[in-house]
Each structure stands twice: as structure tokens, then as C-alpha cells.
file run11.txt (compact mmCIF, C-alpha atoms and all ligand atoms)
# COMPACT_ATOMS: atom_id res chain seq x y z
CA MET A 1 -15.24 -28.58 3.13
CA THR A 2 -18.04 -29.98 5.26
CA TRP A 3 -19.12 -33.53 6.11
CA LEU A 4 -22.81 -34.29 6.49
CA ILE A 5 -23.42 -37.10 8.97
CA THR A 6 -26.87 -38.66 8.61
CA GLY A 7 -28.00 -40.29 11.86
CA GLY A 8 -25.50 -38.01 13.61
CA ALA A 9 -27.51 -37.92 16.84
CA GLY A 10 -27.50 -41.73 17.06
CA TYR A 11 -25.23 -43.97 19.09
CA ILE A 12 -22.49 -44.44 16.48
CA GLY A 13 -23.17 -41.18 14.61
CA ALA A 14 -22.56 -39.04 17.69
CA HIS A 15 -19.19 -40.73 18.27
CA VAL A 16 -18.23 -40.13 14.64
CA ALA A 17 -19.45 -36.52 14.69
CA ARG A 18 -17.52 -35.75 17.87
CA LEU A 19 -14.29 -37.34 16.65
CA MET A 20 -14.38 -35.66 13.24
CA ALA A 21 -15.14 -32.28 14.80
CA ASP A 22 -12.28 -32.80 17.29
CA ALA A 23 -10.00 -33.63 14.34
CA GLY A 24 -10.76 -30.20 12.89
CA ASP A 25 -13.29 -31.20 10.22
CA GLU A 26 -16.43 -29.13 9.58
CA VAL A 27 -19.36 -31.37 10.43
CA VAL A 28 -23.15 -31.02 10.26
CA ALA A 29 -25.55 -33.69 11.54
CA LEU A 30 -28.88 -34.58 9.93
CA ASP A 31 -31.18 -36.67 12.08
CA ASP A 32 -34.95 -37.12 12.35
CA LEU A 33 -34.53 -37.96 16.06
CA SER A 34 -36.56 -41.16 15.68
CA ALA A 35 -33.86 -42.88 17.75
CA GLY A 36 -31.30 -40.13 18.37
CA PHE A 37 -30.77 -37.45 21.02
CA PRO A 38 -29.61 -33.90 20.19
CA GLU A 39 -27.71 -33.65 23.49
CA ARG A 40 -25.25 -36.26 22.25
CA LEU A 41 -23.82 -33.71 19.80
CA PRO A 42 -21.11 -31.23 20.76
CA ALA A 43 -21.88 -27.51 20.45
CA THR A 44 -19.57 -27.29 17.43
CA VAL A 45 -21.77 -29.63 15.37
CA PRO A 46 -25.04 -28.09 14.12
CA LEU A 47 -28.03 -30.43 13.98
CA VAL A 48 -30.56 -30.27 11.16
CA GLU A 49 -33.71 -32.05 12.27
CA GLY A 50 -35.33 -33.91 9.37
CA SER A 51 -35.19 -36.96 7.17
CA ALA A 52 -32.09 -38.10 5.32
CA TYR A 53 -34.51 -39.25 2.62
CA ASP A 54 -36.11 -35.84 1.98
CA GLY A 55 -34.68 -34.67 -1.36
CA GLN A 56 -35.72 -31.03 -0.97
CA LEU A 57 -34.25 -30.77 2.52
CA LEU A 58 -31.01 -32.41 1.36
CA LYS A 59 -30.66 -29.92 -1.47
CA ARG A 60 -31.03 -27.03 0.99
CA VAL A 61 -28.62 -28.51 3.55
CA PHE A 62 -25.98 -29.34 0.94
CA ALA A 63 -26.05 -25.75 -0.35
CA GLU A 64 -26.29 -24.02 3.03
CA TYR A 65 -23.37 -25.90 4.58
CA ASP A 66 -21.33 -26.35 1.39
CA VAL A 67 -21.29 -30.13 1.94
CA THR A 68 -18.48 -32.00 0.16
CA GLY A 69 -18.82 -35.45 1.72
CA VAL A 70 -21.54 -37.61 3.30
CA VAL A 71 -21.23 -40.20 6.07
CA HIS A 72 -24.48 -42.14 5.94
CA LEU A 73 -25.42 -43.83 9.21
CA ALA A 74 -29.18 -43.22 9.39
CA ALA A 75 -31.01 -46.53 9.04
CA ARG A 76 -33.42 -48.93 10.65
CA LYS A 77 -31.24 -51.55 12.31
CA GLN A 78 -33.23 -54.15 14.23
CA VAL A 79 -33.16 -57.66 12.84
CA ALA A 80 -36.44 -58.83 14.43
CA GLU A 81 -38.23 -55.68 13.29
CA SER A 82 -36.91 -56.24 9.77
CA VAL A 83 -38.39 -59.75 9.75
CA ALA A 84 -41.76 -58.36 10.86
CA GLN A 85 -41.69 -55.25 8.60
CA PRO A 86 -39.57 -56.07 5.53
CA THR A 87 -41.28 -53.53 3.26
CA ARG A 88 -40.49 -50.73 5.71
CA TYR A 89 -36.83 -51.81 5.82
CA TYR A 90 -36.53 -51.89 2.04
CA ARG A 91 -38.41 -48.59 1.69
CA GLU A 92 -36.28 -46.73 4.24
CA ASN A 93 -32.86 -48.40 4.07
CA VAL A 94 -32.79 -48.92 0.30
CA GLY A 95 -35.40 -46.56 -1.21
CA GLY A 96 -34.33 -43.77 1.13
CA LEU A 97 -30.70 -44.29 0.18
CA ALA A 98 -31.61 -43.97 -3.53
CA THR A 99 -33.12 -40.54 -2.82
CA LEU A 100 -30.05 -39.53 -0.81
CA LEU A 101 -27.67 -40.65 -3.57
CA GLU A 102 -29.67 -38.75 -6.21
CA ALA A 103 -29.31 -35.62 -4.10
CA VAL A 104 -25.59 -36.29 -3.58
CA ALA A 105 -25.05 -36.75 -7.33
CA GLY A 106 -27.19 -33.71 -8.13
CA ALA A 107 -25.11 -31.54 -5.82
CA GLY A 108 -21.85 -32.82 -7.31
CA ILE A 109 -20.68 -34.25 -3.96
CA GLY A 110 -17.80 -36.64 -4.56
CA ARG A 111 -17.33 -38.55 -1.27
CA PHE A 112 -19.72 -41.06 0.28
CA LEU A 113 -19.27 -43.39 3.23
CA LEU A 114 -21.87 -46.08 3.97
CA SER A 115 -22.46 -47.70 7.31
CA SER A 116 -22.84 -51.40 6.45
CA SER A 117 -22.87 -54.46 8.64
CA ALA A 118 -21.47 -57.96 9.11
CA ALA A 119 -25.12 -58.97 8.65
CA VAL A 120 -24.42 -58.90 4.88
CA TYR A 121 -22.46 -62.17 5.25
CA GLY A 122 -25.19 -64.23 6.91
CA ASN A 123 -23.68 -67.26 8.63
CA PRO A 124 -20.56 -68.31 6.71
CA ASP A 125 -18.74 -71.37 8.00
CA VAL A 126 -15.24 -69.88 8.03
CA ASP A 127 -12.67 -69.09 10.70
CA LEU A 128 -12.17 -65.48 9.63
CA ILE A 129 -14.63 -63.61 7.42
CA THR A 130 -12.82 -61.67 4.70
CA GLU A 131 -14.39 -59.16 2.35
CA ALA A 132 -14.25 -61.89 -0.34
CA THR A 133 -16.42 -64.25 1.74
CA PRO A 134 -19.72 -64.67 -0.15
CA CYS A 135 -22.55 -62.46 1.10
CA LEU A 136 -25.68 -64.50 1.88
CA PRO A 137 -27.70 -62.46 4.38
CA VAL A 138 -30.26 -64.38 6.44
CA ASN A 139 -32.71 -61.59 7.32
CA PRO A 140 -34.21 -58.49 5.64
CA TYR A 141 -31.95 -56.14 7.63
CA GLY A 142 -28.83 -57.81 6.21
CA GLU A 143 -30.40 -57.90 2.75
CA THR A 144 -31.05 -54.16 2.81
CA LYS A 145 -27.46 -53.45 3.88
CA LEU A 146 -26.16 -55.59 1.01
CA ALA A 147 -28.51 -53.86 -1.46
CA ASP A 148 -27.28 -50.53 -0.03
CA GLU A 149 -23.70 -51.50 -0.84
CA TRP A 150 -24.61 -52.45 -4.43
CA LEU A 151 -26.48 -49.18 -4.85
CA VAL A 152 -23.65 -47.09 -3.41
CA ARG A 153 -21.05 -48.70 -5.67
CA ALA A 154 -23.26 -48.40 -8.77
CA ALA A 155 -24.07 -44.74 -8.04
CA GLY A 156 -20.40 -44.11 -7.37
CA ARG A 157 -19.44 -45.49 -10.77
CA ALA A 158 -22.27 -43.68 -12.59
CA HIS A 159 -21.73 -40.27 -10.97
CA GLY A 160 -18.02 -40.19 -10.17
CA ILE A 161 -18.49 -40.49 -6.39
CA THR A 162 -15.64 -42.05 -4.38
CA THR A 163 -17.20 -44.54 -1.94
CA VAL A 164 -16.36 -46.60 1.13
CA CYS A 165 -18.61 -49.23 2.70
CA LEU A 166 -17.69 -50.16 6.28
CA ARG A 167 -18.98 -53.53 7.47
CA TYR A 168 -19.16 -53.22 11.25
CA PHE A 169 -19.05 -56.34 13.40
CA ASN A 170 -20.51 -56.26 16.98
CA VAL A 171 -20.35 -52.71 18.24
CA ALA A 172 -20.16 -52.11 22.02
CA GLY A 173 -18.97 -49.59 24.60
CA ALA A 174 -19.12 -45.81 24.81
CA GLY A 175 -16.60 -43.03 24.22
CA ALA A 176 -18.25 -41.10 27.07
CA PRO A 177 -21.13 -42.16 29.35
CA GLU A 178 -23.59 -39.73 27.75
CA LEU A 179 -22.90 -41.22 24.30
CA ALA A 180 -23.80 -44.78 25.29
CA ASP A 181 -26.31 -46.89 23.40
CA THR A 182 -29.67 -46.63 25.16
CA GLY A 183 -31.28 -49.49 23.23
CA VAL A 184 -31.42 -53.01 24.67
CA PHE A 185 -30.89 -54.93 21.41
CA ASN A 186 -27.26 -56.05 21.70
CA ILE A 187 -25.79 -58.56 24.11
CA VAL A 188 -23.98 -56.15 26.47
CA PRO A 189 -27.02 -53.96 27.30
CA MET A 190 -29.21 -57.09 27.32
CA VAL A 191 -27.05 -58.62 30.07
CA PHE A 192 -26.96 -55.31 31.99
CA ASP A 193 -30.75 -55.20 31.77
CA ARG A 194 -31.08 -58.71 33.21
CA LEU A 195 -28.65 -58.00 36.05
CA THR A 196 -30.34 -54.71 36.89
CA ARG A 197 -33.65 -56.57 37.22
CA GLY A 198 -31.98 -59.07 39.55
CA GLU A 199 -32.16 -61.82 36.92
CA ALA A 200 -29.45 -64.15 35.63
CA PRO A 201 -27.99 -63.46 32.16
CA ARG A 202 -29.22 -65.81 29.47
CA ILE A 203 -27.10 -67.90 27.10
CA PHE A 204 -28.93 -69.13 24.02
CA GLY A 205 -27.31 -72.48 23.33
CA ASP A 206 -24.11 -73.95 24.77
CA ASP A 207 -23.84 -76.88 22.37
CA TYR A 208 -22.30 -75.06 19.40
CA PRO A 209 -19.07 -76.39 17.85
CA THR A 210 -16.98 -73.72 19.62
CA PRO A 211 -14.40 -74.07 22.44
CA ASP A 212 -16.92 -73.49 25.27
CA GLY A 213 -20.05 -74.34 23.27
CA THR A 214 -21.37 -70.76 23.15
CA CYS A 215 -21.44 -68.47 20.10
CA VAL A 216 -18.27 -66.56 19.24
CA ARG A 217 -18.39 -62.94 18.02
CA ASP A 218 -16.02 -60.11 17.14
CA TYR A 219 -16.69 -57.11 19.43
CA ILE A 220 -15.52 -53.67 18.42
CA HIS A 221 -15.38 -50.59 20.69
CA VAL A 222 -17.47 -47.74 19.30
CA ALA A 223 -14.54 -45.34 19.86
CA ASP A 224 -12.37 -47.55 17.62
CA LEU A 225 -15.22 -47.64 15.11
CA ALA A 226 -15.34 -43.83 15.09
CA GLU A 227 -11.58 -43.79 14.40
CA ALA A 228 -12.18 -46.15 11.47
CA HIS A 229 -14.64 -43.58 10.04
CA LEU A 230 -12.06 -40.83 10.33
CA ALA A 231 -9.50 -43.03 8.55
CA ALA A 232 -12.07 -43.84 5.86
CA ALA A 233 -12.92 -40.15 5.42
CA ARG A 234 -9.22 -39.47 4.83
CA ALA A 235 -9.09 -42.38 2.36
CA LEU A 236 -11.98 -40.82 0.42
CA ASP A 237 -9.79 -37.75 -0.06
CA THR A 238 -6.80 -39.68 -1.37
CA ARG A 239 -8.45 -42.45 -3.43
CA ALA A 240 -10.56 -40.41 -5.86
CA GLY A 241 -12.74 -42.49 -8.15
CA SER A 242 -12.40 -45.77 -6.22
CA ASP A 243 -14.75 -47.87 -4.13
CA LEU A 244 -13.63 -49.73 -1.07
CA THR A 245 -15.45 -52.27 1.11
CA VAL A 246 -13.88 -53.02 4.47
CA ASN A 247 -14.60 -55.14 7.55
CA ILE A 248 -14.43 -53.24 10.81
CA GLY A 249 -13.68 -55.68 13.60
CA ARG A 250 -10.82 -56.73 15.85
CA GLY A 251 -10.17 -60.08 14.20
CA GLU A 252 -10.53 -61.78 17.58
CA GLY A 253 -13.34 -64.02 18.73
CA VAL A 254 -14.94 -63.75 22.18
CA SER A 255 -17.55 -66.28 23.29
CA VAL A 256 -20.83 -65.32 24.92
CA ARG A 257 -19.72 -67.09 28.09
CA GLU A 258 -16.40 -65.21 28.14
CA LEU A 259 -18.22 -61.91 27.62
CA ILE A 260 -20.66 -62.63 30.46
CA THR A 261 -17.68 -63.42 32.73
CA VAL A 262 -16.14 -60.00 31.94
CA ILE A 263 -19.50 -58.33 32.56
CA GLY A 264 -19.67 -60.09 35.95
CA GLU A 265 -16.19 -58.81 36.85
CA VAL A 266 -16.97 -55.24 35.79
CA THR A 267 -20.41 -54.98 37.40
CA GLY A 268 -19.52 -57.05 40.47
CA ASP A 269 -22.63 -59.15 39.78
CA ARG A 270 -21.25 -62.60 39.05
CA ARG A 271 -24.46 -64.58 39.10
CA ALA A 272 -24.29 -67.70 36.95
CA PRO A 273 -25.94 -67.46 33.52
CA VAL A 274 -28.89 -69.70 32.66
CA VAL A 275 -28.61 -71.73 29.49
CA GLU A 276 -31.62 -71.79 27.20
CA GLY A 277 -32.19 -73.26 23.74
CA ARG A 278 -30.50 -71.97 20.59
CA ARG A 279 -32.11 -69.01 18.83
CA PRO A 280 -32.89 -69.59 15.16
CA GLY A 281 -30.40 -67.95 12.81
CA ASP A 282 -27.47 -67.57 15.25
CA ALA A 283 -24.16 -68.51 13.62
CA PRO A 284 -21.69 -70.44 15.82
CA ARG A 285 -18.89 -68.04 14.95
CA ALA A 286 -18.61 -64.65 13.21
CA VAL A 287 -15.16 -63.07 13.39
CA ALA A 288 -13.71 -60.54 10.95
CA SER A 289 -10.47 -60.60 9.14
CA ALA A 290 -9.18 -57.13 10.02
CA ALA A 291 -6.35 -57.27 7.47
CA ARG A 292 -7.87 -55.11 4.73
CA ALA A 293 -8.73 -52.29 7.15
CA ALA A 294 -5.11 -52.24 8.31
CA GLU A 295 -3.76 -52.28 4.75
CA GLU A 296 -6.17 -49.90 3.06
CA LEU A 297 -7.11 -47.53 5.88
CA GLY A 298 -4.06 -47.84 8.13
CA TRP A 299 -6.55 -48.50 10.94
CA THR A 300 -6.52 -51.18 13.63
CA ALA A 301 -8.71 -51.42 16.72
CA ARG A 302 -6.90 -50.52 19.93
CA ARG A 303 -9.44 -51.20 22.67
CA GLY A 304 -10.27 -54.58 24.17
CA VAL A 305 -13.42 -56.21 25.50
CA ARG A 306 -12.87 -55.16 29.10
CA GLU A 307 -12.69 -51.50 28.05
CA MET A 308 -15.88 -51.95 26.02
CA VAL A 309 -17.75 -53.45 28.97
CA GLU A 310 -16.43 -50.90 31.49
CA SER A 311 -17.38 -47.93 29.31
CA ALA A 312 -20.78 -49.44 28.45
CA TRP A 313 -21.45 -50.00 32.16
CA GLN A 314 -20.60 -46.37 32.97
CA GLY A 315 -23.02 -45.35 30.20
CA TRP A 316 -25.71 -47.67 31.53
CA LEU A 317 -25.39 -46.20 35.05
CA HIS A 318 -25.37 -42.65 33.61
CA HIS A 319 -28.61 -43.17 31.68
CA ARG A 320 -30.32 -44.85 34.61
CA SER A 321 -29.48 -41.99 36.96
CA SER A 322 -30.44 -39.18 34.55
N1 LIG B 401 -25.01 -50.66 16.55
C1 LIG B 401 -24.54 -51.72 15.88
O1 LIG B 401 -24.16 -52.72 16.49
C2 LIG B 401 -24.41 -51.69 14.37
C3 LIG B 401 -23.77 -52.78 13.74
C4 LIG B 401 -23.65 -52.76 12.33
C5 LIG B 401 -24.14 -51.68 11.60
N2 LIG B 401 -24.78 -50.65 12.26
C6 LIG B 401 -25.30 -49.53 11.46
O2 LIG B 401 -24.80 -48.33 11.99
C7 LIG B 401 -25.71 -47.27 11.74
C8 LIG B 401 -25.95 -46.49 13.02
O3 LIG B 401 -26.42 -47.39 14.01
P1 LIG B 401 -26.60 -46.95 15.53
O4 LIG B 401 -26.32 -48.17 16.36
O5 LIG B 401 -25.88 -45.70 15.82
O6 LIG B 401 -28.18 -46.74 15.56
P2 LIG B 401 -29.04 -45.54 16.17
O7 LIG B 401 -30.47 -45.96 16.03
O8 LIG B 401 -28.56 -45.15 17.52
O9 LIG B 401 -28.72 -44.36 15.16
C9 LIG B 401 -29.40 -44.17 13.95
C10 LIG B 401 -29.74 -42.70 13.90
O10 LIG B 401 -30.38 -42.42 12.64
C11 LIG B 401 -31.50 -41.63 12.87
N3 LIG B 401 -32.42 -41.87 11.75
C12 LIG B 401 -33.10 -43.00 11.46
N4 LIG B 401 -33.80 -42.85 10.32
C13 LIG B 401 -33.53 -41.58 9.88
C14 LIG B 401 -33.92 -40.83 8.76
N5 LIG B 401 -34.77 -41.32 7.83
N6 LIG B 401 -33.45 -39.57 8.62
C15 LIG B 401 -32.61 -39.04 9.53
N7 LIG B 401 -32.19 -39.71 10.62
C16 LIG B 401 -32.66 -40.97 10.79
C17 LIG B 401 -32.03 -42.02 14.23
O11 LIG B 401 -32.79 -40.99 14.85
C18 LIG B 401 -30.74 -42.28 14.98
O12 LIG B 401 -30.25 -41.10 15.61
C19 LIG B 401 -26.96 -47.92 11.14
O13 LIG B 401 -26.90 -47.76 9.74
C20 LIG B 401 -26.81 -49.38 11.52
O14 LIG B 401 -27.46 -50.23 10.59
C21 LIG B 401 -24.92 -50.64 13.63

call {"tool": "encode", "arguments": {"input": "run11.txt", "output": "C-alpha cells", "more": "lines below"}}
Ligand SMILES: NC(=O)c1ccc[n+]([C@@H]2O[C@H](COP(=O)([O-])OP(=O)(O)OC[C@H]3O[C@@H](n4cnc5c(N)ncnc54)[C@H](O)[C@@H]3O)[C@@H](O)[C@H]2O)c1
result
Amino acid sequence: MTWLITGGAGYIGAHVARLMADAGDEVVALDDLSAGFPERLPATVPLVEGSAYDGQLLKRVFAEYDVTGVVHLAARKQVAESVAQPTRYYRENVGGLATLLEAVAGAGIGRFLLSSSAAVYGNPDVDLITEATPCLPVNPYGETKLADEWLVRAAGRAHGITTVCLRYFNVAGAGAPELADTGVFNIVPMVFDRLTRGEAPRIFGDDYPTPDGTCVRDYIHVADLAEAHLAAARALDTRAGSDLTVNIGRGEGVSVRELITVIGEVTGDRRAPVVEGRRPGDAPRAVASAARAAEELGWTARRGVREMVESAWQGWLHHRSS
């Protein structure tokens, strides 16, 4: 039994690959290295360099490694880029997935895990977002993730593939410094970047209807997220023929101002943030209900925001010194 992890050399994929290999699973990574680094992978995980949307390559890899399950993380993931290049996002995230699922069905592989996102919900006005909250994505990235979920469930039903879609909330932190996210697209690296340049962190809007006026989000440590994948992989073994869609968050809201305070404590750079205008499209609050993950996967996040920021900071220093 072998798991293929697409995007396995990426930030989240490398955490998942390492954890599954440590748990004793056979794992092979497939990554085109457009945003990944081979050195993130442990020696026990072979890397096939190529596209997850190349049907011929998939056929070869499935046969050569006797693949019995796929964890699909490869995707384009930047909201602003998706607004500027929607056709590329639909072609890669959705069209590419169709090719991958055809190859999975053709090879008789019966387990499929999709990396989805809280972006599928858009900006719902609720205290806790459950999996039953209506999905109304507000950008092409979120739309492609929602279309991916529909496609995965439909292909699962048509071809007898057991499926799980994991909707990640705001991922942060690093399981080891060398595995850290090197992109500057999420709030934690964005604040590190500002501090490193000697500039004050920015808050976009402090007049939201939240306790301190800044946006509230649900941050999840990438090591907890990797554990959720392992739990989901086990669920795919025991729930043959089903599909499952699950939020992956902590169920706890943290405001931007609170997060910047923790970052100040961890980095020792406590300069006061500057408040700028709201960004279009930012929801005041987006916090997961984590109940279904606990019930269906037996998984609950264990790590808090301080641990996320500390590990992300170690990763940031590591990448700046190497
Ligand atoms: N990081 C987050 O906060 C977050 C939140 C929600 C969902 N997600 C989803 O998690 C997944 C992984 O995200 P990440 O943060 O690790 O991003 P990442 O960019 O670090 O990893 C993606 C990996 O996929 C690879 N890749 C891209 N296109 C490919 C292709 N066609 N064939 C093979 N490999 C390809 C890249 O080289 C990279 O290694 C994505 O599907 C993303 O949409 C991420």
C-alpha cells in the first residue's frame, strides 16, 4: 500500500509526507517544483518530479509504486493571482484535477483526499462556520476549491472511490524550521517581513464589529494539520464507499491585533502596528466549528497560537540565514 502525495515538496505537503512516513506508511511525492523544494522531503520519501495533471506520468507512477491512495495538495493557492488569472486557476485547479481523477479511476485506486479551503465559504455572517454553512466563495481561488470538492464527490460516487475533503482554515507555523512556508502571502510571514525591514506591521481596518475592531480568524498549526491528514487517511481505510467533508481549524478566534501582539512577544520587536483602511473582501470573522473533525476523524488540534508563531519565527530565521 502506497500513498501518492501531490504537492509533496510544498509547505503543507512536506509536513504530511514526513508524518505519514514516520507513521510507517509507504509514501511517494509528486511535485513539479513550481513552488516546492526537494530538500523538504525525508530520504525515505521518493520524489517524482512532474505534473500532477500529466495523465501518462500518473499512470506510470501509480503502477511503479503500487499506489493505493492519493493525497492531493498540488494547487495554485493565491487569492490575488486567482483574481488576475481566473482561467489559469480553473484550468489547473479544476481541469488538472479532472485529469488526476480519471487516472485514479483508471488505475482502480479507491482512496482520495482533497486539500480544500475555508475560502469555499466566502464571508458567512455566523459565529462558527459548520460544514452545513452555505458555500458562497468570493474569489476564483475559493470557487475552484468548491468546484474541486463537487468533482471529487461526483467522481467518488461514479467510480467507487472513498473521498475526504479537508477545508483548512488559516495555516501557520512549522513542524521544523526547514519545513517553514517561504512565501509571504499569509499574515504571520507578512508581519515578519515588515519587522525584518524595520517597518511597523499593518492592520487593515480596526472598525469591524469584533471585540477589538480587527478581523478574527481561526489559526491552525501545520503540524496539527498534518495529523488531521493522517487521521483522514485512516478514515479512508475504514469508511469504504463514503465521502466526508470536514473543517480543519481550532474552533477559536484570534484577532489580527492579538496575533500581532504575540508576534511582538516572540520576536522581541513590539513596535506598534499602523492601522490602514479595510481591504475589500475581508470578512470580519471566520472561525471553524471543529466538532465534525473530532467526531468523524477523532482529531482535534493540540497546538496554540504562540507555538505557531514561535515555530514560524524559527523557520523565518532559518531561511534567512541559509
Ligand atoms: N497554506 C494555506 O494557508 C492553505 C490554506 C487552505 C488550503 N490550502 C491548500 O493546501 C494545498 C497546499 O498548499 P501549500 O500552502 O502547501 O502550498 P505550496 O505552494 O507550498 O505547495 C503546493 C505544492 O504543489 C506543487 N505544485 C503546484 N502545481 C503542481 C502541479 N501541477 N503538479 C505537481 N506539483 C504541483 C508546488 O510545487 C508546491 O510544492 C493547496 O491545495 C492549497 O490550496 C493551503

call {"tool": "closest_residue", "arguments": {"input": "run11.txt", "among": "A:Gly249, A:Pro177, A:Gly183, A:Pro284", "to": "A:Asp206", "atoms": "all atoms listed in the file"}}
result
A:Pro284

call {"tool": "axis_aligned_box", "arguments": {"input": "run11.txt", "around": "stretch 309-314 of chain A", "padding_each_side": "8 Å", "output": "AutoDock Vina command-line options"}}
result
--center_x -18.9 --center_y -49.9 --center_z 30.7 --size_x 21.0 --size_y 23.1 --size_z 20.5

call {"tool": "residues_near_point", "arguments": {"input": "run11.txt", "point": "(-21.2, -37.6, 19.5)", "cutoff": "12 Å", "atoms": "only C-alpha atoms", "output": "ChimeraX atom specification"}}
result
/A:5,7-22,27-29,36-47,174-181,222-223,226

call {"tool": "atom_distance", "arguments": {"input": "run11.txt", "atom1": "atom CA of A:Arg279", "atom2": "atom CA of A:Gly205"}}
result
7.4 Å

call {"tool": "residues_near_ligand", "arguments": {"input": "run11.txt", "ligand": "ligand LIG 401 (chain B)", "cutoff": "7 Å", "atoms": "all atoms listed in the file", "output": "ChimeraX atom specification"}}
result
/A:6-13,30-37,50-53,73-77,92,115-118,167-172,181,186

call {"tool": "residues_around", "arguments": {"input": "run11.txt", "residues": "A:Asp269", "least_positions_apart": "3", "cutoff": "10 Å", "atoms": "only C-alpha atoms", "output": "JSON, numbers by chain"}}
result
{"A": [192, 195, 196, 198, 200, 261, 263, 264, 265, 266, 272]}

call {"tool": "write_last_selection", "arguments": {"input": "run11.txt", "atoms": "C-alpha atoms", "output": "PDB file, in the coordinates of the input"}}
result
ATOM      1  CA  PHE A 192     -26.960 -55.310  31.990  1.00  0.00           C
ATOM      2  CA  LEU A 195     -28.650 -58.000  36.050  1.00  0.00           C
ATOM      3  CA  THR A 196     -30.340 -54.710  36.890  1.00  0.00           C
ATOM      4  CA  GLY A 198     -31.980 -59.070  39.550  1.00  0.00           C
ATOM      5  CA  ALA A 200     -29.450 -64.150  35.630  1.00  0.00           C
ATOM      6  CA  THR A 261     -17.680 -63.420  32.730  1.00  0.00           C
ATOM      7  CA  ILE A 263     -19.500 -58.330  32.560  1.00  0.00           C
ATOM      8  CA  GLY A 264     -19.670 -60.090  35.950  1.00  0.00           C
ATOM      9  CA  GLU A 265     -16.190 -58.810  36.850  1.00  0.00           C
ATOM     10  CA  VAL A 266     -16.970 -55.240  35.790  1.00  0.00           C
ATOM     11  CA  ALA A 272     -24.290 -67.700  36.950  1.00  0.00           C
TER      12      ALA A 272
END

call {"tool": "residues_around", "arguments": {"input": "run11.txt", "residues": "A:Gln56", "least_positions_apart": "4", "cutoff": "10 Å", "atoms": "only C-alpha atoms", "output": "PDB file with C-alpha atoms, keeping the file's coordinate frame"}}
result
ATOM      1  CA  ARG A  60     -31.030 -27.030   0.990  1.00  0.00           C
ATOM      2  CA  VAL A  61     -28.620 -28.510   3.550  1.00  0.00           C
ATOM      3  CA  ALA A 103     -29.310 -35.620  -4.100  1.00  0.00           C
TER       4      ALA A 103
END

call {"tool": "residues_around", "arguments": {"input": "run11.txt", "residues": "A:Arg111", "least_positions_apart": "3", "cutoff": "10 Å", "atoms": "all atoms listed in the file", "output": "PyMOL selection string"}}
result
chain A and resi 3+67-71+104-105+108+156+160-164+233+235-237+239-241

call {"tool": "write_last_selection", "arguments": {"input": "run11.txt", "atoms": "C-alpha atoms", "output": "tab-separated table (two decimals), in the frame of the given file"}}
result
chain	number	residue	atom	x	y	z
A	3	TRP	CA	-19.12	-33.53	6.11
A	67	VAL	CA	-21.29	-30.13	1.94
A	68	THR	CA	-18.48	-32.00	0.16
A	69	GLY	CA	-18.82	-35.45	1.72
A	70	VAL	CA	-21.54	-37.61	3.30
A	71	VAL	CA	-21.23	-40.20	6.07
A	104	VAL	CA	-25.59	-36.29	-3.58
A	105	ALA	CA	-25.05	-36.75	-7.33
A	108	GLY	CA	-21.85	-32.82	-7.31
A	156	GLY	CA	-20.40	-44.11	-7.37
A	160	GLY	CA	-18.02	-40.19	-10.17
A	161	ILE	CA	-18.49	-40.49	-6.39
A	162	THR	CA	-15.64	-42.05	-4.38
A	163	THR	CA	-17.20	-44.54	-1.94
A	164	VAL	CA	-16.36	-46.60	1.13
A	233	ALA	CA	-12.92	-40.15	5.42
A	235	ALA	CA	-9.09	-42.38	2.36
A	236	LEU	CA	-11.98	-40.82	0.42
A	237	ASP	CA	-9.79	-37.75	-0.06
A	239	ARG	CA	-8.45	-42.45	-3.43
A	240	ALA	CA	-10.56	-40.41	-5.86
A	241	GLY	CA	-12.74	-42.49	-8.15

call {"tool": "closest_residue", "arguments": {"input": "run11.txt", "among": "A:Met308, A:Ala107, A:Ile129, A:Ala283", "to": "A:Pro209", "atoms": "only C-alpha atoms"}}
result
A:Ala283

call {"tool": "atom_distance", "arguments": {"input": "run11.txt", "atom1": "atom CA of A:Trp316", "atom2": "atom CA of A:Met190"}}
result
10.9 Å

call {"tool": "closest_residue", "arguments": {"input": "run11.txt", "among": "A:Glu149, A:Asp127, A:Asp224, A:Glu199", "to": "A:Gly251", "atoms": "all atoms listed in the file"}}
result
A:Asp127

call {"tool": "residues_around", "arguments": {"input": "run11.txt", "residues": "A:Trp299", "least_positions_apart": "4", "cutoff": "7 Å", "atoms": "all atoms listed in the file", "output": "PyMOL selection string"}}
result
chain A and resi 228+231+293-294

call {"tool": "atom_distance", "arguments": {"input": "run11.txt", "atom1": "atom CA of A:Gly142", "atom2": "atom CA of A:Leu166"}}
result
13.5 Å

call {"tool": "build_atoms", "arguments": {"input": "run11.txt", "residues": "stretch 247-258 of chain A", "atoms": "N, CA and C atoms", "output": "compact mmCIF listing (two decimals), in the coordinates of the input"}}
result
# COMPACT_ATOMS: atom_id res chain seq x y z
N ASN A 247 -14.13 -54.66 6.24
CA ASN A 247 -14.60 -55.14 7.55
C ASN A 247 -14.06 -54.24 8.66
N ILE A 248 -14.90 -53.97 9.64
CA ILE A 248 -14.43 -53.24 10.81
C ILE A 248 -14.67 -54.11 12.04
N GLY A 249 -13.63 -54.81 12.43
CA GLY A 249 -13.68 -55.68 13.60
C GLY A 249 -12.28 -55.75 14.19
N ARG A 250 -12.14 -56.60 15.23
CA ARG A 250 -10.82 -56.73 15.85
C ARG A 250 -10.09 -57.97 15.35
N GLY A 251 -10.82 -58.86 14.68
CA GLY A 251 -10.17 -60.08 14.20
C GLY A 251 -9.96 -61.09 15.32
N GLU A 252 -10.69 -60.90 16.42
CA GLU A 252 -10.53 -61.78 17.58
C GLU A 252 -11.90 -62.23 18.06
N GLY A 253 -12.05 -63.52 18.28
CA GLY A 253 -13.34 -64.02 18.73
C GLY A 253 -13.45 -64.04 20.24
N VAL A 254 -14.64 -63.69 20.74
CA VAL A 254 -14.94 -63.75 22.18
C VAL A 254 -16.26 -64.51 22.31
N SER A 255 -16.30 -65.51 23.18
CA SER A 255 -17.55 -66.28 23.29
C SER A 255 -18.53 -65.56 24.20
N VAL A 256 -19.79 -65.92 24.07
CA VAL A 256 -20.83 -65.32 24.92
C VAL A 256 -20.51 -65.58 26.39
N ARG A 257 -20.04 -66.79 26.68
CA ARG A 257 -19.72 -67.09 28.09
C ARG A 257 -18.55 -66.23 28.58
N GLU A 258 -17.54 -66.07 27.75
CA GLU A 258 -16.40 -65.21 28.14
C GLU A 258 -16.86 -63.77 28.37
